[in-house]
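Novice: My questions will all concern the structure given below.
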Amino acid sequence: MRVGIATFFPNNNYGCLLQAFALQQKVESLGFDAEIIAFEPSYKYFSTIKNFFDFPHLIVGMYRYIQRHQAIKHFASDSRIKSTKIYKTIKELNQLDYDILIAGSDQIWHSEALAQRSGGSDYYFLNFGSNIKKKISYAASISQKKWPKDFEIKGIDYLKKIDNISVREQSATQ
């Protein structure tokens, strides 16, 4: 059976990369053919405007970013992580064909995450793929006490379409 994993990937963060790798390895150890679905909607940002204009901080940050990016790129492309090509839109993801989709883990359901923009909500709540037989969340985190009301309404509608749900924090169960 083919399993697609929706998580923060590609991402320039060691923790995100390692959890994606670990989840993929675990799913494969259970006898499934698993791959990470690479989703990267078009957006660019700096952590803060202040960081953008603080020139020494910017130079050091860019140097570290390049170092980290090269190390992560090497790890990810070294056949350790099996992933799809990079998709930019939900419309492209609708063409994918898996038996099972898994969302997780990490802070994929945080309402204020940049990832929720440009189709991120549809991706991280597995709202794509018409022929998928089963949709599962694994240790998904909202990383906040509760969702804002407007996001909660949308999130609950998404959750109704997921067959099995597991979350990290107790606050996410309410």
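Letters A, B, ... go to the chains of the structure tokens in the order shown; residues in each chain start at 1; ligands are counted from 1 in the same order.
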Which of region 2-168 of chain A end up as alpha helix (DSSP H) when DSSP is run on this backbone - answer as a PDB file with N, CA and C atoms, in the first residue's frame?

Specialist:
```pdb
ATOM      1  N   TYR A  14      16.258  21.425  11.296  1.00  0.00           N
ATOM      2  CA  TYR A  14      16.702  20.064  11.597  1.00  0.00           C
ATOM      3  C   TYR A  14      15.598  19.217  12.226  1.00  0.00           C
ATOM      4  N   GLY A  15      14.877  19.798  13.188  1.00  0.00           N
ATOM      5  CA  GLY A  15      13.824  19.054  13.872  1.00  0.00           C
ATOM      6  C   GLY A  15      12.735  18.585  12.920  1.00  0.00           C
ATOM      7  N   CYS A  16      12.308  19.474  12.037  1.00  0.00           N
ATOM      8  CA  CYS A  16      11.283  19.102  11.048  1.00  0.00           C
ATOM      9  C   CYS A  16      11.780  17.975  10.159  1.00  0.00           C
ATOM     10  N   LEU A  17      13.013  18.091   9.729  1.00  0.00           N
ATOM     11  CA  LEU A  17      13.587  17.077   8.849  1.00  0.00           C
ATOM     12  C   LEU A  17      13.686  15.730   9.548  1.00  0.00           C
ATOM     13  N   LEU A  18      14.163  15.732  10.778  1.00  0.00           N
ATOM     14  CA  LEU A  18      14.340  14.475  11.504  1.00  0.00           C
ATOM     15  C   LEU A  18      13.011  13.810  11.841  1.00  0.00           C
ATOM     16  N   GLN A  19      11.992  14.609  12.207  1.00  0.00           N
ATOM     17  CA  GLN A  19      10.703  13.984  12.499  1.00  0.00           C
ATOM     18  C   GLN A  19      10.075  13.434  11.228  1.00  0.00           C
ATOM     19  N   ALA A  20      10.256  14.107  10.097  1.00  0.00           N
ATOM     20  CA  ALA A  20       9.737  13.598   8.825  1.00  0.00           C
ATOM     21  C   ALA A  20      10.425  12.280   8.471  1.00  0.00           C
ATOM     22  N   PHE A  21      11.730  12.245   8.627  1.00  0.00           N
ATOM     23  CA  PHE A  21      12.513  11.045   8.356  1.00  0.00           C
ATOM     24  C   PHE A  21      12.072   9.897   9.271  1.00  0.00           C
ATOM     25  N   ALA A  22      11.921  10.180  10.570  1.00  0.00           N
ATOM     26  CA  ALA A  22      11.534   9.146  11.534  1.00  0.00           C
ATOM     27  C   ALA A  22      10.143   8.587  11.228  1.00  0.00           C
ATOM     28  N   LEU A  23       9.205   9.461  10.904  1.00  0.00           N
ATOM     29  CA  LEU A  23       7.852   8.990  10.588  1.00  0.00           C
ATOM     30  C   LEU A  23       7.863   8.130   9.330  1.00  0.00           C
ATOM     31  N   GLN A  24       8.576   8.571   8.321  1.00  0.00           N
ATOM     32  CA  GLN A  24       8.654   7.785   7.090  1.00  0.00           C
ATOM     33  C   GLN A  24       9.280   6.408   7.370  1.00  0.00           C
ATOM     34  N   GLN A  25      10.354   6.379   8.138  1.00  0.00           N
ATOM     35  CA  GLN A  25      11.021   5.113   8.456  1.00  0.00           C
ATOM     36  C   GLN A  25      10.093   4.179   9.225  1.00  0.00           C
ATOM     37  N   LYS A  26       9.335   4.717  10.166  1.00  0.00           N
ATOM     38  CA  LYS A  26       8.409   3.896  10.949  1.00  0.00           C
ATOM     39  C   LYS A  26       7.308   3.319  10.067  1.00  0.00           C
ATOM     40  N   VAL A  27       6.738   4.140   9.215  1.00  0.00           N
ATOM     41  CA  VAL A  27       5.677   3.656   8.317  1.00  0.00           C
ATOM     42  C   VAL A  27       6.231   2.570   7.400  1.00  0.00           C
ATOM     43  N   GLU A  28       7.431   2.759   6.886  1.00  0.00           N
ATOM     44  CA  GLU A  28       8.039   1.733   6.025  1.00  0.00           C
ATOM     45  C   GLU A  28       8.354   0.460   6.797  1.00  0.00           C
ATOM     46  N   SER A  29       8.740   0.585   8.063  1.00  0.00           N
ATOM     47  CA  SER A  29       9.024  -0.609   8.869  1.00  0.00           C
ATOM     48  C   SER A  29       7.760  -1.434   9.118  1.00  0.00           C
ATOM     49  N   ILE A  49      10.859  42.115  10.766  1.00  0.00           N
ATOM     50  CA  ILE A  49      11.349  43.239   9.961  1.00  0.00           C
ATOM     51  C   ILE A  49      12.657  43.747  10.562  1.00  0.00           C
ATOM     52  N   LYS A  50      12.739  43.783  11.905  1.00  0.00           N
ATOM     53  CA  LYS A  50      13.958  44.243  12.565  1.00  0.00           C
ATOM     54  C   LYS A  50      15.158  43.407  12.107  1.00  0.00           C
ATOM     55  N   ASN A  51      14.993  42.085  12.044  1.00  0.00           N
ATOM     56  CA  ASN A  51      16.092  41.217  11.610  1.00  0.00           C
ATOM     57  C   ASN A  51      16.507  41.519  10.174  1.00  0.00           C
ATOM     58  N   PHE A  52      15.554  41.896   9.346  1.00  0.00           N
ATOM     59  CA  PHE A  52      15.862  42.195   7.960  1.00  0.00           C
ATOM     60  C   PHE A  52      16.786  43.411   7.849  1.00  0.00           C
ATOM     61  N   PHE A  53      16.547  44.432   8.681  1.00  0.00           N
ATOM     62  CA  PHE A  53      17.323  45.667   8.583  1.00  0.00           C
ATOM     63  C   PHE A  53      18.565  45.689   9.473  1.00  0.00           C
ATOM     64  N   PHE A  55      21.837  44.716   9.770  1.00  0.00           N
ATOM     65  CA  PHE A  55      22.803  44.180   8.814  1.00  0.00           C
ATOM     66  C   PHE A  55      23.721  43.098   9.392  1.00  0.00           C
ATOM     67  N   PRO A  56      24.394  43.302  10.539  1.00  0.00           N
ATOM     68  CA  PRO A  56      25.248  42.214  11.059  1.00  0.00           C
ATOM     69  C   PRO A  56      24.442  40.953  11.334  1.00  0.00           C
ATOM     70  N   HIS A  57      23.256  41.125  11.890  1.00  0.00           N
ATOM     71  CA  HIS A  57      22.390  39.972  12.154  1.00  0.00           C
ATOM     72  C   HIS A  57      22.028  39.281  10.833  1.00  0.00           C
ATOM     73  N   LEU A  58      21.755  40.070   9.831  1.00  0.00           N
ATOM     74  CA  LEU A  58      21.385  39.532   8.524  1.00  0.00           C
ATOM     75  C   LEU A  58      22.524  38.708   7.919  1.00  0.00           C
ATOM     76  N   ILE A  59      23.759  39.218   7.988  1.00  0.00           N
ATOM     77  CA  ILE A  59      24.912  38.503   7.423  1.00  0.00           C
ATOM     78  C   ILE A  59      25.138  37.183   8.155  1.00  0.00           C
ATOM     79  N   VAL A  60      25.142  37.223   9.485  1.00  0.00           N
ATOM     80  CA  VAL A  60      25.337  36.002  10.273  1.00  0.00           C
ATOM     81  C   VAL A  60      24.185  35.031  10.010  1.00  0.00           C
ATOM     82  N   GLY A  61      22.969  35.555   9.980  1.00  0.00           N
ATOM     83  CA  GLY A  61      21.805  34.715   9.719  1.00  0.00           C
ATOM     84  C   GLY A  61      21.863  34.056   8.355  1.00  0.00           C
ATOM     85  N   MET A  62      22.256  34.805   7.348  1.00  0.00           N
ATOM     86  CA  MET A  62      22.343  34.242   6.000  1.00  0.00           C
ATOM     87  C   MET A  62      23.431  33.170   5.924  1.00  0.00           C
ATOM     88  N   TYR A  63      24.560  33.415   6.577  1.00  0.00           N
ATOM     89  CA  TYR A  63      25.645  32.431   6.604  1.00  0.00           C
ATOM     90  C   TYR A  63      25.167  31.129   7.256  1.00  0.00           C
ATOM     91  N   ARG A  64      24.511  31.245   8.407  1.00  0.00           N
ATOM     92  CA  ARG A  64      23.986  30.054   9.090  1.00  0.00           C
ATOM     93  C   ARG A  64      22.912  29.371   8.254  1.00  0.00           C
ATOM     94  N   TYR A  65      22.076  30.178   7.624  1.00  0.00           N
ATOM     95  CA  TYR A  65      21.023  29.630   6.774  1.00  0.00           C
ATOM     96  C   TYR A  65      21.629  28.810   5.635  1.00  0.00           C
ATOM     97  N   ILE A  66      22.639  29.348   4.992  1.00  0.00           N
ATOM     98  CA  ILE A  66      23.281  28.641   3.875  1.00  0.00           C
ATOM     99  C   ILE A  66      23.934  27.360   4.361  1.00  0.00           C
ATOM    100  N   GLN A  67      24.626  27.409   5.487  1.00  0.00           N
ATOM    101  CA  GLN A  67      25.243  26.208   6.048  1.00  0.00           C
ATOM    102  C   GLN A  67      24.184  25.146   6.348  1.00  0.00           C
ATOM    103  N   ARG A  68      23.143  25.560   7.052  1.00  0.00           N
ATOM    104  CA  ARG A  68      22.081  24.631   7.433  1.00  0.00           C
ATOM    105  C   ARG A  68      21.380  24.099   6.187  1.00  0.00           C
ATOM    106  N   HIS A  69      21.117  24.986   5.243  1.00  0.00           N
ATOM    107  CA  HIS A  69      20.435  24.576   4.014  1.00  0.00           C
ATOM    108  C   HIS A  69      21.241  23.511   3.272  1.00  0.00           C
ATOM    109  N   GLN A  70      22.546  23.696   3.185  1.00  0.00           N
ATOM    110  CA  GLN A  70      23.398  22.720   2.492  1.00  0.00           C
ATOM    111  C   GLN A  70      23.415  21.379   3.224  1.00  0.00           C
ATOM    112  N   ALA A  71      23.506  21.409   4.550  1.00  0.00           N
ATOM    113  CA  ALA A  71      23.520  20.171   5.330  1.00  0.00           C
ATOM    114  C   ALA A  71      22.189  19.434   5.195  1.00  0.00           C
ATOM    115  N   ILE A  72      21.108  20.168   5.276  1.00  0.00           N
ATOM    116  CA  ILE A  72      19.782  19.551   5.162  1.00  0.00           C
ATOM    117  C   ILE A  72      19.555  19.027   3.753  1.00  0.00           C
ATOM    118  N   LYS A  73      19.942  19.812   2.763  1.00  0.00           N
ATOM    119  CA  LYS A  73      19.790  19.379   1.371  1.00  0.00           C
ATOM    120  C   LYS A  73      20.576  18.085   1.124  1.00  0.00           C
ATOM    121  N   HIS A  74      21.773  18.006   1.663  1.00  0.00           N
ATOM    122  CA  HIS A  74      22.602  16.804   1.518  1.00  0.00           C
ATOM    123  C   HIS A  74      21.915  15.607   2.172  1.00  0.00           C
ATOM    124  N   PHE A  75      21.422  15.789   3.403  1.00  0.00           N
ATOM    125  CA  PHE A  75      20.749  14.707   4.113  1.00  0.00           C
ATOM    126  C   PHE A  75      19.499  14.255   3.358  1.00  0.00           C
ATOM    127  N   ILE A  90      -2.650  23.223  -4.161  1.00  0.00           N
ATOM    128  CA  ILE A  90      -3.538  22.116  -3.803  1.00  0.00           C
ATOM    129  C   ILE A  90      -4.080  21.451  -5.064  1.00  0.00           C
ATOM    130  N   LYS A  91      -4.301  22.225  -6.091  1.00  0.00           N
ATOM    131  CA  LYS A  91      -4.789  21.659  -7.355  1.00  0.00           C
ATOM    132  C   LYS A  91      -3.835  20.571  -7.854  1.00  0.00           C
ATOM    133  N   GLU A  92      -2.530  20.804  -7.731  1.00  0.00           N
ATOM    134  CA  GLU A  92      -1.553  19.782  -8.124  1.00  0.00           C
ATOM    135  C   GLU A  92      -1.649  18.553  -7.218  1.00  0.00           C
ATOM    136  N   LEU A  93      -1.860  18.784  -5.922  1.00  0.00           N
ATOM    137  CA  LEU A  93      -1.943  17.667  -4.972  1.00  0.00           C
ATOM    138  C   LEU A  93      -3.171  16.801  -5.207  1.00  0.00           C
ATOM    139  N   GLY A 120      -1.914  25.912   2.727  1.00  0.00           N
ATOM    140  CA  GLY A 120      -1.373  25.074   3.788  1.00  0.00           C
ATOM    141  C   GLY A 120      -2.425  24.357   4.604  1.00  0.00           C
ATOM    142  N   SER A 121      -3.537  25.017   4.892  1.00  0.00           N
ATOM    143  CA  SER A 121      -4.590  24.361   5.671  1.00  0.00           C
ATOM    144  C   SER A 121      -5.092  23.125   4.942  1.00  0.00           C
ATOM    145  N   ASP A 122      -5.355  23.243   3.659  1.00  0.00           N
ATOM    146  CA  ASP A 122      -5.813  22.074   2.895  1.00  0.00           C
ATOM    147  C   ASP A 122      -4.775  20.962   2.923  1.00  0.00           C
ATOM    148  N   TYR A 123      -3.514  21.319   2.824  1.00  0.00           N
ATOM    149  CA  TYR A 123      -2.438  20.317   2.837  1.00  0.00           C
ATOM    150  C   TYR A 123      -2.329  19.635   4.194  1.00  0.00           C
ATOM    151  N   TYR A 124      -2.188  20.407   5.264  1.00  0.00           N
ATOM    152  CA  TYR A 124      -1.949  19.827   6.581  1.00  0.00           C
ATOM    153  C   TYR A 124      -3.177  19.170   7.194  1.00  0.00           C
ATOM    154  N   LYS A 149     -11.469  31.391  17.098  1.00  0.00           N
ATOM    155  CA  LYS A 149     -12.806  30.940  16.668  1.00  0.00           C
ATOM    156  C   LYS A 149     -12.920  30.770  15.149  1.00  0.00           C
ATOM    157  N   ASP A 150     -12.406  31.725  14.367  1.00  0.00           N
ATOM    158  CA  ASP A 150     -12.542  31.623  12.909  1.00  0.00           C
ATOM    159  C   ASP A 150     -11.777  30.414  12.358  1.00  0.00           C
ATOM    160  N   PHE A 151     -10.609  30.137  12.939  1.00  0.00           N
ATOM    161  CA  PHE A 151      -9.834  28.978  12.481  1.00  0.00           C
ATOM    162  C   PHE A 151     -10.466  27.683  12.978  1.00  0.00           C
ATOM    163  N   GLU A 152     -11.041  27.714  14.173  1.00  0.00           N
ATOM    164  CA  GLU A 152     -11.675  26.528  14.742  1.00  0.00           C
ATOM    165  C   GLU A 152     -12.813  26.033  13.854  1.00  0.00           C
ATOM    166  N   ILE A 153     -13.615  26.936  13.351  1.00  0.00           N
ATOM    167  CA  ILE A 153     -14.740  26.547  12.489  1.00  0.00           C
ATOM    168  C   ILE A 153     -14.225  25.817  11.248  1.00  0.00           C
ATOM    169  N   LYS A 154     -13.214  26.391  10.613  1.00  0.00           N
ATOM    170  CA  LYS A 154     -12.621  25.756   9.433  1.00  0.00           C
ATOM    171  C   LYS A 154     -11.941  24.442   9.814  1.00  0.00           C
ATOM    172  N   GLY A 155     -11.186  24.451  10.918  1.00  0.00           N
ATOM    173  CA  GLY A 155     -10.456  23.262  11.353  1.00  0.00           C
ATOM    174  C   GLY A 155     -11.368  22.096  11.667  1.00  0.00           C
ATOM    175  N   ILE A 156     -12.486  22.359  12.330  1.00  0.00           N
ATOM    176  CA  ILE A 156     -13.423  21.284  12.668  1.00  0.00           C
ATOM    177  C   ILE A 156     -14.013  20.669  11.406  1.00  0.00           C
ATOM    178  N   ASP A 157     -14.320  21.482  10.420  1.00  0.00           N
ATOM    179  CA  ASP A 157     -14.807  20.946   9.144  1.00  0.00           C
ATOM    180  C   ASP A 157     -13.763  20.029   8.500  1.00  0.00           C
ATOM    181  N   TYR A 158     -12.505  20.437   8.551  1.00  0.00           N
ATOM    182  CA  TYR A 158     -11.432  19.602   8.010  1.00  0.00           C
ATOM    183  C   TYR A 158     -11.303  18.294   8.792  1.00  0.00           C
ATOM    184  N   LEU A 159     -11.358  18.393  10.121  1.00  0.00           N
ATOM    185  CA  LEU A 159     -11.166  17.208  10.967  1.00  0.00           C
ATOM    186  C   LEU A 159     -12.231  16.138  10.724  1.00  0.00           C
TER     187      LEU A 159
END
```

Novice: Find the spatial neighbours of region 137-145 of chain A, counting only C-alpha atoms, within a cut-off of 10 Å - ignore same-chain residues fewer than 2 positions away - and output them as a PyMOL selection string.

Specialist: chain A and resi 5-7+23+101-113+124-126+135+147-148+159+162-172+174

Novice: Residues as selected, N, CA and C atoms, written as an mmCIF file, in the first residue's frame, can you do that?

Specialist:
```
data_model
loop_
_atom_site.group_PDB
_atom_site.id
_atom_site.type_symbol
_atom_site.label_atom_id
_atom_site.label_comp_id
_atom_site.auth_asym_id
_atom_site.auth_seq_id
_atom_site.Cartn_x
_atom_site.Cartn_y
_atom_site.Cartn_z
ATOM 1 N N ILE A 5 2.875 11.179 3.122
ATOM 2 C CA ILE A 5 3.002 11.866 4.403
ATOM 3 C C ILE A 5 3.038 13.374 4.168
ATOM 4 N N ALA A 6 2.099 14.082 4.787
ATOM 5 C CA ALA A 6 2.033 15.545 4.707
ATOM 6 C C ALA A 6 2.653 16.113 5.971
ATOM 7 N N THR A 7 3.778 16.787 5.819
ATOM 8 C CA THR A 7 4.483 17.365 6.953
ATOM 9 C C THR A 7 5.284 18.558 6.482
ATOM 10 N N LEU A 23 9.205 9.461 10.904
ATOM 11 C CA LEU A 23 7.852 8.990 10.588
ATOM 12 C C LEU A 23 7.863 8.130 9.330
ATOM 13 N N LEU A 101 -3.195 8.658 3.515
ATOM 14 C CA LEU A 101 -2.496 9.925 3.766
ATOM 15 C C LEU A 101 -2.312 10.071 5.268
ATOM 16 N N ILE A 102 -1.116 10.493 5.673
ATOM 17 C CA ILE A 102 -0.840 10.763 7.080
ATOM 18 C C ILE A 102 -0.378 12.212 7.206
ATOM 19 N N ALA A 103 -0.992 12.944 8.128
ATOM 20 C CA ALA A 103 -0.561 14.303 8.448
ATOM 21 C C ALA A 103 0.174 14.256 9.779
ATOM 22 N N GLY A 104 1.385 14.754 9.817
ATOM 23 C CA GLY A 104 2.063 14.788 11.110
ATOM 24 C C GLY A 104 3.554 14.735 10.963
ATOM 25 N N SER A 105 4.192 14.827 11.998
ATOM 26 C CA SER A 105 3.643 15.309 13.262
ATOM 27 C C SER A 105 3.896 16.803 13.339
ATOM 28 N N ASP A 106 4.639 17.258 14.285
ATOM 29 C CA ASP A 106 5.049 18.650 14.354
ATOM 30 C C ASP A 106 3.861 19.583 14.578
ATOM 31 N N GLN A 107 4.073 20.872 14.419
ATOM 32 C CA GLN A 107 3.071 21.903 14.713
ATOM 33 C C GLN A 107 2.249 22.246 13.472
ATOM 34 N N ILE A 108 1.802 21.246 12.781
ATOM 35 C CA ILE A 108 1.143 21.450 11.493
ATOM 36 C C ILE A 108 -0.220 22.127 11.593
ATOM 37 N N TRP A 109 -0.850 22.077 12.756
ATOM 38 C CA TRP A 109 -2.184 22.665 12.890
ATOM 39 C C TRP A 109 -2.191 23.953 13.710
ATOM 40 N N HIS A 110 -1.072 24.640 13.799
ATOM 41 C CA HIS A 110 -1.019 25.929 14.488
ATOM 42 C C HIS A 110 -1.711 26.964 13.609
ATOM 43 N N SER A 111 -2.682 27.664 14.148
ATOM 44 C CA SER A 111 -3.507 28.576 13.342
ATOM 45 C C SER A 111 -2.738 29.753 12.775
ATOM 46 N N GLU A 112 -1.676 30.174 13.428
ATOM 47 C CA GLU A 112 -0.926 31.343 12.975
ATOM 48 C C GLU A 112 0.314 30.988 12.170
ATOM 49 N N ALA A 113 0.531 29.725 11.950
ATOM 50 C CA ALA A 113 1.738 29.300 11.224
ATOM 51 C C ALA A 113 1.695 29.810 9.792
ATOM 52 N N TYR A 124 -2.188 20.407 5.264
ATOM 53 C CA TYR A 124 -1.949 19.827 6.581
ATOM 54 C C TYR A 124 -3.177 19.170 7.194
ATOM 55 N N PHE A 125 -4.362 19.480 6.681
ATOM 56 C CA PHE A 125 -5.575 18.795 7.117
ATOM 57 C C PHE A 125 -6.018 17.729 6.109
ATOM 58 N N LEU A 126 -5.144 17.414 5.168
ATOM 59 C CA LEU A 126 -5.365 16.338 4.190
ATOM 60 C C LEU A 126 -6.613 16.542 3.352
ATOM 61 N N LYS A 135 -7.461 8.561 5.758
ATOM 62 C CA LYS A 135 -6.712 9.758 6.153
ATOM 63 C C LYS A 135 -6.502 9.711 7.662
ATOM 64 N N TRP A 147 -7.525 27.050 19.304
ATOM 65 C CA TRP A 147 -7.585 27.778 18.048
ATOM 66 C C TRP A 147 -8.465 29.017 18.190
ATOM 67 N N PRO A 148 -8.140 30.087 17.459
ATOM 68 C CA PRO A 148 -9.068 31.223 17.382
ATOM 69 C C PRO A 148 -10.387 30.747 16.753
ATOM 70 N N LEU A 159 -11.358 18.393 10.121
ATOM 71 C CA LEU A 159 -11.166 17.208 10.967
ATOM 72 C C LEU A 159 -12.231 16.138 10.724
ATOM 73 N N ILE A 162 -11.135 13.389 8.375
ATOM 74 C CA ILE A 162 -9.988 12.547 8.729
ATOM 75 C C ILE A 162 -10.496 11.340 9.503
ATOM 76 N N ASP A 163 -10.079 10.146 9.092
ATOM 77 C CA ASP A 163 -10.592 8.902 9.669
ATOM 78 C C ASP A 163 -10.095 8.642 11.086
ATOM 79 N N ASN A 164 -8.815 8.830 11.329
ATOM 80 C CA ASN A 164 -8.230 8.587 12.651
ATOM 81 C C ASN A 164 -7.360 9.786 13.021
ATOM 82 N N ILE A 165 -7.547 10.293 14.240
ATOM 83 C CA ILE A 165 -6.835 11.498 14.654
ATOM 84 C C ILE A 165 -6.092 11.241 15.957
ATOM 85 N N SER A 166 -4.803 11.561 15.964
ATOM 86 C CA SER A 166 -4.048 11.617 17.215
ATOM 87 C C SER A 166 -3.367 12.977 17.255
ATOM 88 N N VAL A 167 -3.317 13.546 18.455
ATOM 89 C CA VAL A 167 -2.721 14.866 18.646
ATOM 90 C C VAL A 167 -1.711 14.810 19.789
ATOM 91 N N ARG A 168 -0.847 15.807 19.850
ATOM 92 C CA ARG A 168 0.188 15.850 20.889
ATOM 93 C C ARG A 168 -0.311 16.343 22.235
ATOM 94 N N GLU A 169 -1.045 17.444 22.212
ATOM 95 C CA GLU A 169 -1.376 18.073 23.475
ATOM 96 C C GLU A 169 -2.851 17.891 23.850
ATOM 97 N N GLN A 170 -3.087 17.826 25.173
ATOM 98 C CA GLN A 170 -4.434 17.655 25.686
ATOM 99 C C GLN A 170 -5.375 18.763 25.229
ATOM 100 N N SER A 171 -4.874 19.999 25.123
ATOM 101 C CA SER A 171 -5.725 21.131 24.721
ATOM 102 C C SER A 171 -6.306 20.937 23.320
ATOM 103 N N ALA A 172 -5.674 20.149 22.504
ATOM 104 C CA ALA A 172 -6.163 19.938 21.136
ATOM 105 C C ALA A 172 -7.377 19.002 21.098
ATOM 106 N N GLN A 174 -10.061 19.324 22.940
ATOM 107 C CA GLN A 174 -11.287 19.996 23.393
ATOM 108 C C GLN A 174 -11.972 20.756 22.302
#
```

Novice: When you draw a straight line from CA of Phe9 (chain A) to CA of Gln95 (chain A), how long is it in Å?

Specialist: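 CA of Phe9 (chain A) sits 18.7 Å away from CA of Gln95 (chain A).
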
Novice: Please report the interatomic distance between CA of Asp97 (chain A) and CA of Met1 (chain A) in Å with one decimal.

Specialist: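 Atom-to-atom, CA of Asp97 (chain A) and CA of Met1 (chain A) are spaced 10.9 Å apart.
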
Novice: Calculated over only C-alpha atoms, which of the candidates A:Lys160, A:Pro41, A:Phe128, A:Phe8 has the smallest distance to Thr89 (chain A)?

Specialist: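 Among A:Lys160, A:Pro41, A:Phe128, A:Phe8, it is A:Pro41 that comes nearest to Thr89 (chain A).
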
Novice: At what distance in Å, to one decimal, does CA of Phe32 (chain A) lie from CA of Asn94 (chain A)?

Specialist: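 The value is 21.2 Å.
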
Novice: Pick from A:Ile136, A:Leu30, A:Ala38, A:Ile100: nearest to Ile81 (chain A), with only C-alpha atoms counted?

Specialist: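 With only C-alpha atoms as the atom set, the closest residue is A:Ala38.
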